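This is model31.cif. It holds mmCIF, C-alpha atoms and all ligand atoms.
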data_upload
#
loop_
_atom_site.group_PDB
_atom_site.id
_atom_site.type_symbol
_atom_site.label_atom_id
_atom_site.label_comp_id
_atom_site.auth_asym_id
_atom_site.auth_seq_id
_atom_site.Cartn_x
_atom_site.Cartn_y
_atom_site.Cartn_z
ATOM 1 C CA MET A 1 -5.781 24.155 3.742
ATOM 2 C CA ILE A 2 -2.821 23.515 1.432
ATOM 3 C CA SER A 3 -3.390 24.301 -2.226
ATOM 4 C CA PRO A 4 -3.664 21.367 -4.716
ATOM 5 C CA LEU A 5 -0.770 23.050 -6.545
ATOM 6 C CA TYR A 6 1.518 21.861 -3.734
ATOM 7 C CA THR A 7 -0.204 18.531 -2.986
ATOM 8 C CA GLU A 8 -2.055 16.696 -5.803
ATOM 9 C CA TYR A 9 -0.090 18.529 -8.525
ATOM 10 C CA ALA A 10 3.255 18.684 -6.645
ATOM 11 C CA ARG A 11 4.709 16.252 -9.198
ATOM 12 C CA TYR A 12 4.377 18.939 -11.882
ATOM 13 C CA TYR A 13 6.109 21.719 -9.854
ATOM 14 C CA ASP A 14 9.607 21.016 -11.186
ATOM 15 C CA VAL A 15 8.321 20.819 -14.773
ATOM 16 C CA ILE A 16 6.377 24.102 -14.501
ATOM 17 C CA TYR A 17 9.236 25.917 -12.761
ATOM 18 C CA HIS A 18 12.133 24.278 -14.635
ATOM 19 C CA GLU A 19 13.543 27.614 -15.832
ATOM 20 C CA TYR A 20 13.361 29.115 -12.303
ATOM 21 C CA LEU A 21 14.966 26.070 -10.706
ATOM 22 C CA VAL A 22 17.723 25.534 -13.264
ATOM 23 C CA GLU A 23 18.550 29.072 -14.434
ATOM 24 C CA ARG A 24 17.482 31.463 -11.700
ATOM 25 C CA VAL A 25 18.074 29.601 -8.436
ATOM 26 C CA PRO A 26 21.911 29.415 -8.800
ATOM 27 C CA ARG A 27 21.986 33.199 -9.460
ATOM 28 C CA ILE A 28 19.655 33.827 -6.516
ATOM 29 C CA ILE A 29 21.955 31.832 -4.247
ATOM 30 C CA ASP A 30 24.957 33.829 -5.557
ATOM 31 C CA PHE A 31 23.087 36.940 -4.384
ATOM 32 C CA VAL A 32 22.170 35.316 -1.056
ATOM 33 C CA GLU A 33 25.832 34.476 -0.396
ATOM 34 C CA GLU A 34 26.709 38.141 -1.053
ATOM 35 C CA VAL A 35 24.050 39.153 1.485
ATOM 36 C CA PHE A 36 25.476 36.669 4.017
ATOM 37 C CA LYS A 37 28.883 38.386 3.642
ATOM 38 C CA ARG A 38 27.572 41.916 3.552
ATOM 39 C CA ASP A 39 24.670 42.011 6.000
ATOM 40 C CA ALA A 40 24.871 39.060 8.407
ATOM 41 C CA GLU A 41 26.715 39.942 11.573
ATOM 42 C CA ARG A 42 28.068 36.432 12.067
ATOM 43 C CA ASP A 43 29.459 33.677 9.864
ATOM 44 C CA VAL A 44 26.706 31.702 8.195
ATOM 45 C CA ARG A 45 26.858 27.897 8.434
ATOM 46 C CA ASP A 46 23.435 26.744 9.567
ATOM 47 C CA VAL A 47 20.517 27.753 7.360
ATOM 48 C CA LEU A 48 16.776 27.149 7.743
ATOM 49 C CA ASP A 49 14.858 27.383 4.461
ATOM 50 C CA ILE A 50 11.145 27.833 5.225
ATOM 51 C CA ALA A 51 8.447 26.931 2.676
ATOM 52 C CA CYS A 52 11.219 25.072 0.856
ATOM 53 C CA GLY A 53 8.914 23.285 -1.607
ATOM 54 C CA THR A 54 10.743 20.729 -3.755
ATOM 55 C CA GLY A 55 14.022 22.039 -2.370
ATOM 56 C CA GLY A 56 15.508 23.954 -5.333
ATOM 57 C CA PRO A 57 17.195 26.728 -3.286
ATOM 58 C CA THR A 58 17.634 24.411 -0.249
ATOM 59 C CA ILE A 59 19.688 21.889 -2.224
ATOM 60 C CA GLU A 60 21.698 24.633 -3.960
ATOM 61 C CA LEU A 61 22.653 26.072 -0.538
ATOM 62 C CA ALA A 62 23.656 22.613 0.723
ATOM 63 C CA ARG A 63 25.681 21.991 -2.441
ATOM 64 C CA ARG A 64 27.690 25.121 -1.555
ATOM 65 C CA GLY A 65 28.581 23.737 1.853
ATOM 66 C CA TYR A 66 25.929 25.166 4.202
ATOM 67 C CA ARG A 67 24.225 22.905 6.740
ATOM 68 C CA VAL A 68 20.610 23.270 5.682
ATOM 69 C CA LEU A 69 17.215 22.295 7.013
ATOM 70 C CA GLY A 70 14.282 22.689 4.608
ATOM 71 C CA LEU A 71 10.805 22.990 6.088
ATOM 72 C CA ASP A 72 7.483 22.850 4.237
ATOM 73 C CA ILE A 73 3.830 22.302 5.097
ATOM 74 C CA SER A 74 3.289 19.875 2.185
ATOM 75 C CA SER A 75 4.441 16.274 2.599
ATOM 76 C CA GLU A 76 4.237 15.798 -1.195
ATOM 77 C CA MET A 77 6.683 18.679 -1.810
ATOM 78 C CA ILE A 78 9.024 17.421 0.954
ATOM 79 C CA LYS A 79 8.999 13.909 -0.513
ATOM 80 C CA ILE A 80 10.146 15.245 -3.910
ATOM 81 C CA ALA A 81 12.800 17.433 -2.233
ATOM 82 C CA ARG A 82 14.237 14.460 -0.294
ATOM 83 C CA GLU A 83 14.340 12.325 -3.428
ATOM 84 C CA LYS A 84 16.104 15.077 -5.407
ATOM 85 C CA ALA A 85 18.742 15.605 -2.686
ATOM 86 C CA ARG A 86 19.364 11.854 -2.552
ATOM 87 C CA LYS A 87 19.693 11.584 -6.357
ATOM 88 C CA ASN A 88 22.125 14.532 -6.394
ATOM 89 C CA GLY A 89 24.156 13.097 -3.497
ATOM 90 C CA VAL A 90 23.613 16.268 -1.433
ATOM 91 C CA GLN A 91 23.204 16.102 2.360
ATOM 92 C CA VAL A 92 20.109 18.133 3.411
ATOM 93 C CA ASP A 93 17.552 17.574 6.140
ATOM 94 C CA PHE A 94 13.897 18.155 5.357
ATOM 95 C CA LYS A 95 11.113 18.506 7.883
ATOM 96 C CA LEU A 96 7.364 18.791 7.586
ATOM 97 C CA GLY A 97 6.146 21.936 9.339
ATOM 98 C CA ASP A 98 4.184 25.167 9.245
ATOM 99 C CA MET A 99 6.231 28.379 9.006
ATOM 100 C CA ARG A 100 3.665 30.036 11.296
ATOM 101 C CA ARG A 101 4.531 27.608 14.098
ATOM 102 C CA LEU A 102 8.327 27.415 14.087
ATOM 103 C CA ASN A 103 9.773 26.045 17.283
ATOM 104 C CA PHE A 104 13.543 26.564 17.072
ATOM 105 C CA ASN A 105 15.689 28.313 19.624
ATOM 106 C CA GLU A 106 18.719 30.159 18.188
ATOM 107 C CA GLU A 107 19.783 27.202 16.038
ATOM 108 C CA PHE A 108 20.455 29.011 12.732
ATOM 109 C CA ASP A 109 22.700 31.751 11.337
ATOM 110 C CA ALA A 110 20.291 32.463 8.481
ATOM 111 C CA VAL A 111 16.667 31.810 7.593
ATOM 112 C CA THR A 112 15.506 32.023 3.967
ATOM 113 C CA CYS A 113 12.068 32.084 2.360
ATOM 114 C CA PHE A 114 12.071 32.073 -1.449
ATOM 115 C CA PHE A 115 9.720 32.553 -4.392
ATOM 116 C CA SER A 116 6.854 34.551 -2.849
ATOM 117 C CA SER A 117 6.198 31.988 -0.094
ATOM 118 C CA LEU A 118 6.012 34.669 2.636
ATOM 119 C CA GLY A 119 2.738 35.710 0.950
ATOM 120 C CA TYR A 120 1.084 32.539 2.268
ATOM 121 C CA ASN A 121 0.879 34.438 5.533
ATOM 122 C CA LEU A 122 -2.539 35.859 4.734
ATOM 123 C CA SER A 123 -3.466 37.498 8.034
ATOM 124 C CA ASP A 124 -1.626 39.945 10.312
ATOM 125 C CA GLU A 125 -1.542 37.170 12.900
ATOM 126 C CA ASP A 126 0.083 34.739 10.418
ATOM 127 C CA ILE A 127 2.869 37.131 9.412
ATOM 128 C CA SER A 128 3.525 38.124 13.041
ATOM 129 C CA ASN A 129 3.746 34.462 14.111
ATOM 130 C CA THR A 130 6.040 33.572 11.213
ATOM 131 C CA LEU A 131 8.388 36.495 11.827
ATOM 132 C CA ARG A 132 8.495 35.797 15.577
ATOM 133 C CA GLY A 133 9.367 32.134 14.860
ATOM 134 C CA VAL A 134 12.060 33.188 12.381
ATOM 135 C CA TYR A 135 13.493 35.667 14.905
ATOM 136 C CA ASN A 136 13.612 33.003 17.644
ATOM 137 C CA SER A 137 15.251 30.508 15.245
ATOM 138 C CA LEU A 138 18.138 32.896 14.537
ATOM 139 C CA ARG A 139 21.287 33.360 16.566
ATOM 140 C CA LYS A 140 22.207 36.959 17.393
ATOM 141 C CA GLY A 141 23.546 38.692 14.274
ATOM 142 C CA GLY A 142 21.816 36.127 12.044
ATOM 143 C CA VAL A 143 19.924 37.188 8.950
ATOM 144 C CA PHE A 144 16.474 36.577 7.461
ATOM 145 C CA ILE A 145 16.118 36.804 3.663
ATOM 146 C CA ALA A 146 12.734 36.622 1.931
ATOM 147 C CA ASP A 147 11.771 37.397 -1.648
ATOM 148 C CA VAL A 148 8.273 38.474 -2.616
ATOM 149 C CA PRO A 149 6.610 40.147 -5.601
ATOM 150 C CA ASN A 150 6.402 43.940 -5.509
ATOM 151 C CA PRO A 151 2.646 44.693 -5.245
ATOM 152 C CA LEU A 152 3.037 47.973 -7.120
ATOM 153 C CA HIS A 153 4.955 46.539 -10.063
ATOM 154 C CA ARG A 154 2.179 44.651 -11.872
ATOM 155 C CA PHE A 155 -0.656 46.499 -10.179
ATOM 156 C CA ASP A 156 -2.627 47.246 -13.387
ATOM 157 C CA ARG A 157 -2.469 43.726 -14.699
ATOM 158 C CA TRP A 158 -3.506 42.275 -11.338
ATOM 159 C CA VAL A 159 -6.414 44.670 -10.831
ATOM 160 C CA LYS A 160 -7.731 43.728 -14.280
ATOM 161 C CA GLY A 161 -7.036 40.015 -13.689
ATOM 162 C CA THR A 162 -5.418 39.682 -17.121
ATOM 163 C CA PRO A 163 -4.775 35.978 -17.921
ATOM 164 C CA VAL A 164 -1.237 34.885 -18.688
ATOM 165 C CA ILE A 165 -0.613 31.750 -20.733
ATOM 166 C CA TRP A 166 2.624 29.805 -21.049
ATOM 167 C CA ARG A 167 3.812 26.367 -22.009
ATOM 168 C CA VAL A 168 6.474 24.105 -20.575
ATOM 169 C CA GLN A 169 7.883 20.884 -21.888
ATOM 170 C CA SER A 170 9.962 18.089 -20.373
ATOM 171 C CA ASP A 171 10.823 14.660 -21.836
ATOM 172 C CA ASN A 172 7.342 13.173 -21.848
ATOM 173 C CA ILE A 173 5.210 15.873 -20.210
ATOM 174 C CA SER A 174 3.868 18.964 -21.900
ATOM 175 C CA ILE A 175 1.942 21.505 -19.795
ATOM 176 C CA LEU A 176 -0.066 24.546 -20.803
ATOM 177 C CA VAL A 177 -0.364 26.903 -17.822
ATOM 178 C CA ILE A 178 -3.140 29.515 -17.709
ATOM 179 C CA ASP A 179 -2.727 31.886 -14.772
ATOM 180 C CA VAL A 180 -5.172 34.514 -13.626
ATOM 181 C CA LYS A 181 -3.864 36.543 -10.700
ATOM 182 C CA TRP A 182 -6.620 38.884 -9.698
ATOM 183 C CA LEU A 183 -6.403 41.615 -7.102
ATOM 184 C CA THR A 184 -10.032 41.831 -6.031
ATOM 185 C CA ASN A 185 -9.149 43.420 -2.694
ATOM 186 C CA THR A 186 -7.034 46.534 -3.192
ATOM 187 C CA VAL A 187 -7.277 47.602 0.450
ATOM 188 C CA THR A 188 -5.491 44.633 1.984
ATOM 189 C CA PRO A 189 -3.989 43.392 -1.273
ATOM 190 C CA ILE A 190 -4.611 39.671 -1.525
ATOM 191 C CA LEU A 191 -4.173 38.052 -4.939
ATOM 192 C CA GLU A 192 -6.798 35.502 -5.945
ATOM 193 C CA TRP A 193 -4.679 33.120 -7.991
ATOM 194 C CA GLU A 194 -6.490 30.754 -10.364
ATOM 195 C CA ARG A 195 -4.394 28.317 -12.337
ATOM 196 C CA THR A 196 -5.537 25.920 -15.036
ATOM 197 C CA LEU A 197 -3.129 23.227 -16.153
ATOM 198 C CA ILE A 198 -3.609 21.243 -19.328
ATOM 199 C CA VAL A 199 -1.228 18.345 -18.903
ATOM 200 C CA LYS A 200 -0.296 15.974 -21.694
ATOM 201 C CA HIS A 201 1.609 13.062 -20.176
ATOM 202 C CA ASN A 202 2.542 10.430 -22.766
ATOM 203 C CA ASP A 203 -0.830 9.685 -24.447
ATOM 204 C CA LYS A 204 -3.061 11.043 -21.680
ATOM 205 C CA ILE A 205 -4.459 14.580 -21.394
ATOM 206 C CA ASP A 206 -5.781 16.057 -18.108
ATOM 207 C CA MET A 207 -7.198 19.442 -17.242
ATOM 208 C CA LEU A 208 -6.460 20.473 -13.628
ATOM 209 C CA PHE A 209 -7.547 23.489 -11.600
ATOM 210 C CA ASP A 210 -6.133 25.282 -8.611
ATOM 211 C CA LYS A 211 -7.320 28.331 -6.747
ATOM 212 C CA HIS A 212 -5.612 29.935 -3.785
ATOM 213 C CA LYS A 213 -4.707 33.268 -2.231
ATOM 214 C CA LEU A 214 -1.412 35.075 -1.857
ATOM 215 C CA ARG A 215 -1.011 38.239 0.192
ATOM 216 C CA LEU A 216 1.137 41.015 -1.228
ATOM 217 C CA TYR A 217 3.387 42.997 1.092
ATOM 218 C CA THR A 218 4.875 46.389 0.285
ATOM 219 C CA ALA A 219 8.495 47.174 1.106
ATOM 220 C CA SER A 220 7.403 49.440 3.979
ATOM 221 C CA GLU A 221 5.189 46.721 5.493
ATOM 222 C CA LEU A 222 7.987 44.152 5.316
ATOM 223 C CA LYS A 223 10.346 46.500 7.107
ATOM 224 C CA LEU A 224 7.780 47.582 9.669
ATOM 225 C CA TYR A 225 6.651 44.039 10.559
ATOM 226 C CA SER A 226 10.297 43.022 10.922
ATOM 227 C CA ARG A 227 11.130 45.976 13.169
ATOM 228 C CA ILE A 228 8.066 45.284 15.332
ATOM 229 C CA THR A 229 9.241 41.669 15.690
ATOM 230 C CA GLY A 230 12.554 42.945 17.060
ATOM 231 C CA PHE A 231 14.941 42.765 14.080
ATOM 232 C CA LYS A 232 17.469 45.555 14.622
ATOM 233 C CA LYS A 233 18.321 46.225 10.944
ATOM 234 C CA THR A 234 16.108 45.874 7.901
ATOM 235 C CA LYS A 235 16.802 46.481 4.229
ATOM 236 C CA ILE A 236 15.058 46.046 0.920
ATOM 237 C CA TYR A 237 16.955 45.062 -2.211
ATOM 238 C CA GLY A 238 15.281 44.711 -5.610
ATOM 239 C CA ASP A 239 15.533 42.002 -8.260
ATOM 240 C CA TYR A 240 18.596 40.368 -6.697
ATOM 241 C CA ASN A 241 20.800 43.424 -7.151
ATOM 242 C CA LEU A 242 22.792 44.729 -4.220
ATOM 243 C CA ILE A 243 21.219 48.174 -4.521
ATOM 244 C CA GLU A 244 19.307 49.243 -1.439
ATOM 245 C CA ASP A 245 15.823 50.762 -1.644
ATOM 246 C CA PRO A 246 15.578 50.638 -5.462
ATOM 247 C CA LYS A 247 13.046 52.880 -7.197
ATOM 248 C CA GLN A 248 11.804 50.105 -9.522
ATOM 249 C CA ALA A 249 11.762 46.361 -8.944
ATOM 250 C CA GLY A 250 9.602 43.395 -9.839
ATOM 251 C CA ARG A 251 10.766 41.501 -6.774
ATOM 252 C CA LEU A 252 11.478 42.780 -3.287
ATOM 253 C CA ILE A 253 14.102 41.085 -1.163
ATOM 254 C CA LEU A 254 13.732 41.678 2.538
ATOM 255 C CA VAL A 255 16.916 41.388 4.583
ATOM 256 C CA ALA A 256 16.421 41.579 8.349
ATOM 257 C CA VAL A 257 19.233 41.202 10.874
ATOM 258 C CA LYS A 258 18.658 40.012 14.470
HETATM 259 C C1 LIG B 1 5.969 28.793 -4.560
HETATM 260 S S1 LIG B 1 6.415 27.428 -3.562
HETATM 261 C C2 LIG B 1 8.082 27.884 -3.192
HETATM 262 C C3 LIG B 1 8.979 26.696 -2.920
HETATM 263 C C4 LIG B 1 10.469 26.998 -2.793
HETATM 264 N N1 LIG B 1 10.746 28.001 -1.782
HETATM 265 C C5 LIG B 1 11.079 27.407 -4.120
HETATM 266 O O1 LIG B 1 11.752 28.455 -4.170
HETATM 267 O O2 LIG B 1 10.935 26.661 -5.104
HETATM 268 C C6 LIG B 1 5.535 27.785 -2.069
HETATM 269 C C7 LIG B 1 5.724 26.716 -0.986
HETATM 270 O O3 LIG B 1 5.178 27.248 0.236
HETATM 271 C C8 LIG B 1 4.677 26.155 0.979
HETATM 272 N N2 LIG B 1 3.834 26.681 2.065
HETATM 273 C C9 LIG B 1 2.644 27.339 1.968
HETATM 274 N N3 LIG B 1 2.187 27.675 3.199
HETATM 275 C C10 LIG B 1 3.125 27.221 4.091
HETATM 276 C C11 LIG B 1 3.238 27.263 5.511
HETATM 277 N N4 LIG B 1 2.295 27.850 6.257
HETATM 278 N N5 LIG B 1 4.322 26.720 6.099
HETATM 279 C C12 LIG B 1 5.294 26.119 5.347
HETATM 280 N N6 LIG B 1 5.228 26.026 4.005
HETATM 281 C C13 LIG B 1 4.171 26.585 3.374
HETATM 282 C C14 LIG B 1 3.958 25.332 -0.079
HETATM 283 O O4 LIG B 1 3.690 24.018 0.348
HETATM 284 C C15 LIG B 1 4.962 25.415 -1.236
HETATM 285 O O5 LIG B 1 5.856 24.332 -1.209
#

Here is a file; write its structure as structure tokens.
Amino acid sequence: MISPLYTEYARYYDVIYHEYLVERVPRIIDFVEEVFKRDAERDVRDVLDIACGTGGPTIELARRGYRVLGLDISSEMIKIAREKARKNGVQVDFKLGDMRRLNFNEEFDAVTCFFSSLGYNLSDEDISNTLRGVYNSLRKGGVFIADVPNPLHRFDRWVKGTPVIWRVQSDNISILVIDVKWLTNTVTPILEWERTLIVKHNDKIDMLFDKHKLRLYTASELKLYSRITGFKKTKIYGDYNLIEDPKQAGRLILVAVK
């Protein structure tokens, strides 16, 4: 089942993540282009962006001249992504689909998966299916890039389930976000993520709830799963710096080469 966060409340995604989409995504794509040059063993032109959401990174890649296909399981997110690309005059294809059931045959030079989305592969079977589909989608020498949270970085806060509160504001929408990410299972670390949104839209106030799960993968697991899938080279960068196997990082960036 797809979380309400990405269906009923999809229209609030770009308001909630405005700072990520406007400030961080261009810098992330700068990093990704460096990885294309440094780690891919072929020129990158065709890119598949899985779990593309409202298309922030997808559209930024297309704006820089790549031929991009964005794929997401939520039709609401895809609809917003298509509309944004059209408004910005950027040519991108979007397709509804499940990353666990990719059906491409060596059509891409790179596959990307941004903003923790790989964690929606909750079971071993899910992650194996996704990685196999990614591998089959890539041409030889192509590269897979995925960014996920480092499970060990905020471990204390997650085990305690400490709430985090923040507020975002756009022209006529003001949203208070209350997040509780709670690691109730520390054996196979799966975050229970509860989000409450208090949305003031013009003169109307709504309180909305979402609850879903996100699996956390360690750097070693990411590498191991990728090697088992058949990727010949795997690397971990941290926090969008080109330093391999960092000692500290809030975010892990998996780079796997076919
Ligand atoms: C946190 S958003 C990330 C969106 C985008 N990558 C970004 O950077 O803004 C997670 C996305 O994963 C999508 N998703 C979750 N499970 C999926 C699956 N099995 N296949 C494809 N997309 C999925 C959701 O619909 C949502 O759009």

Pick from A:Val168, A:Ala40, A:Leu71, A:Val148, whichever lies nearest to Glu19 (chain A) using all atoms listed in the file: A:Val168

Explicit residues for the PyMOL selection byres (((chain A and resi 241-246) around 10) and not hetatm) (as an NGL selection string): :A and (28 or 31-32 or 34-35 or 38 or 219 or 235-240 or 247-249 or 252-253)

Give me a file of those residues, with C-alpha atoms, as an mmCIF file, in the coordinates of the input.
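So the final result, stored in again21.cif, reads:
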data_model
loop_
_atom_site.group_PDB
_atom_site.id
_atom_site.type_symbol
_atom_site.label_atom_id
_atom_site.label_comp_id
_atom_site.auth_asym_id
_atom_site.auth_seq_id
_atom_site.Cartn_x
_atom_site.Cartn_y
_atom_site.Cartn_z
ATOM 1 C CA ILE A 28 19.655 33.827 -6.516
ATOM 2 C CA PHE A 31 23.087 36.940 -4.384
ATOM 3 C CA VAL A 32 22.170 35.316 -1.056
ATOM 4 C CA GLU A 34 26.709 38.141 -1.053
ATOM 5 C CA VAL A 35 24.050 39.153 1.485
ATOM 6 C CA ARG A 38 27.572 41.916 3.552
ATOM 7 C CA ALA A 219 8.495 47.174 1.106
ATOM 8 C CA LYS A 235 16.802 46.481 4.229
ATOM 9 C CA ILE A 236 15.058 46.046 0.920
ATOM 10 C CA TYR A 237 16.955 45.062 -2.211
ATOM 11 C CA GLY A 238 15.281 44.711 -5.610
ATOM 12 C CA ASP A 239 15.533 42.002 -8.260
ATOM 13 C CA TYR A 240 18.596 40.368 -6.697
ATOM 14 C CA LYS A 247 13.046 52.880 -7.197
ATOM 15 C CA GLN A 248 11.804 50.105 -9.522
ATOM 16 C CA ALA A 249 11.762 46.361 -8.944
ATOM 17 C CA LEU A 252 11.478 42.780 -3.287
ATOM 18 C CA ILE A 253 14.102 41.085 -1.163
#

Nearby residues, ligand LIG 1 (chain B), 9 Å, all atoms listed in the file, as an NGL selection string: :A and (1-3 or 5-7 or 10 or 13-14 or 17 or 20-21 or 25 or 49-58 or 71-78 or 96-102 or 112-121 or 126 or 130)

Interatomic distance (Å, one decimal) between CA of Asp93 (chain A) and CA of Ala62 (chain A): 9.6 Å

Residues within 6 Å of region 212-215 of chain A, only C-alpha atoms, excluding chain neighbours under 2 positions, as a list in words: Gly119, Tyr120, Leu122, Ile190, Leu191, Glu192 and Trp193 of chain A

Go ahead and save the residues from that selection, with C-alpha atoms, as a short mmCIF file (atom, residue, chain, number, x, y, z; two decimals), in the coordinates of the input.
data_model
loop_
_atom_site.label_atom_id
_atom_site.label_comp_id
_atom_site.auth_asym_id
_atom_site.auth_seq_id
_atom_site.Cartn_x
_atom_site.Cartn_y
_atom_site.Cartn_z
CA GLY A 119 2.74 35.71 0.95
CA TYR A 120 1.08 32.54 2.27
CA LEU A 122 -2.54 35.86 4.73
CA ILE A 190 -4.61 39.67 -1.52
CA LEU A 191 -4.17 38.05 -4.94
CA GLU A 192 -6.80 35.50 -5.94
CA TRP A 193 -4.68 33.12 -7.99
#

Å distance separating CA of Gly230 (chain A) from CA of Asp46 (chain A), one decimal place: 20.9 Å

Answer key for the PyMOL selection byres (((chain A and resi 171) around 12) and not hetatm), residues as a compact mmCIF listing (two decimals) with C-alpha atoms, keeping the file's coordinate frame:
# COMPACT_ATOMS: atom_id res chain seq x y z
CA VAL A 15 8.32 20.82 -14.77
CA VAL A 168 6.47 24.10 -20.58
CA GLN A 169 7.88 20.88 -21.89
CA SER A 170 9.96 18.09 -20.37
CA ASN A 172 7.34 13.17 -21.85
CA ILE A 173 5.21 15.87 -20.21
CA SER A 174 3.87 18.96 -21.90
CA ILE A 175 1.94 21.50 -19.80
CA LYS A 200 -0.30 15.97 -21.69
CA HIS A 201 1.61 13.06 -20.18
CA ASN A 202 2.54 10.43 -22.77

Between CA of Gly161 (chain A) and CA of Leu224 (chain A) - distance in Å to one decimal: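 Value for the CA of Leu224 (chain A)-CA of Gly161 (chain A) distance: 28.7 Å.
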
Counting all atoms listed in the file, the residue of A:Tyr135, A:Tyr12, A:Phe94, A:Phe104 that sits nearest Thr229 (chain A):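 Closest candidate: A:Tyr135.
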
Top pick for closest residue to Leu176 (chain A), considering A:Lys223, A:Ala256, A:Pro26, A:Ile16 and counting only C-alpha atoms: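 Among the listed residues, the smallest separation from Leu176 (chain A) belongs to A:Ile16.
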
A:Asp179, A:Asp206, A:Asp30, A:Asp109 ranked by distance to Leu138 (chain A), top pick (using only C-alpha atoms):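 Using only C-alpha atoms, the shortest distance to Leu138 (chain A) belongs to A:Asp109.
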
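Using all atoms listed in the file, the nearest neighbour of Val44 (chain A) within the list A:Ile80, A:Val92, A:Ala110, A:Ile228 is A:Ala110.
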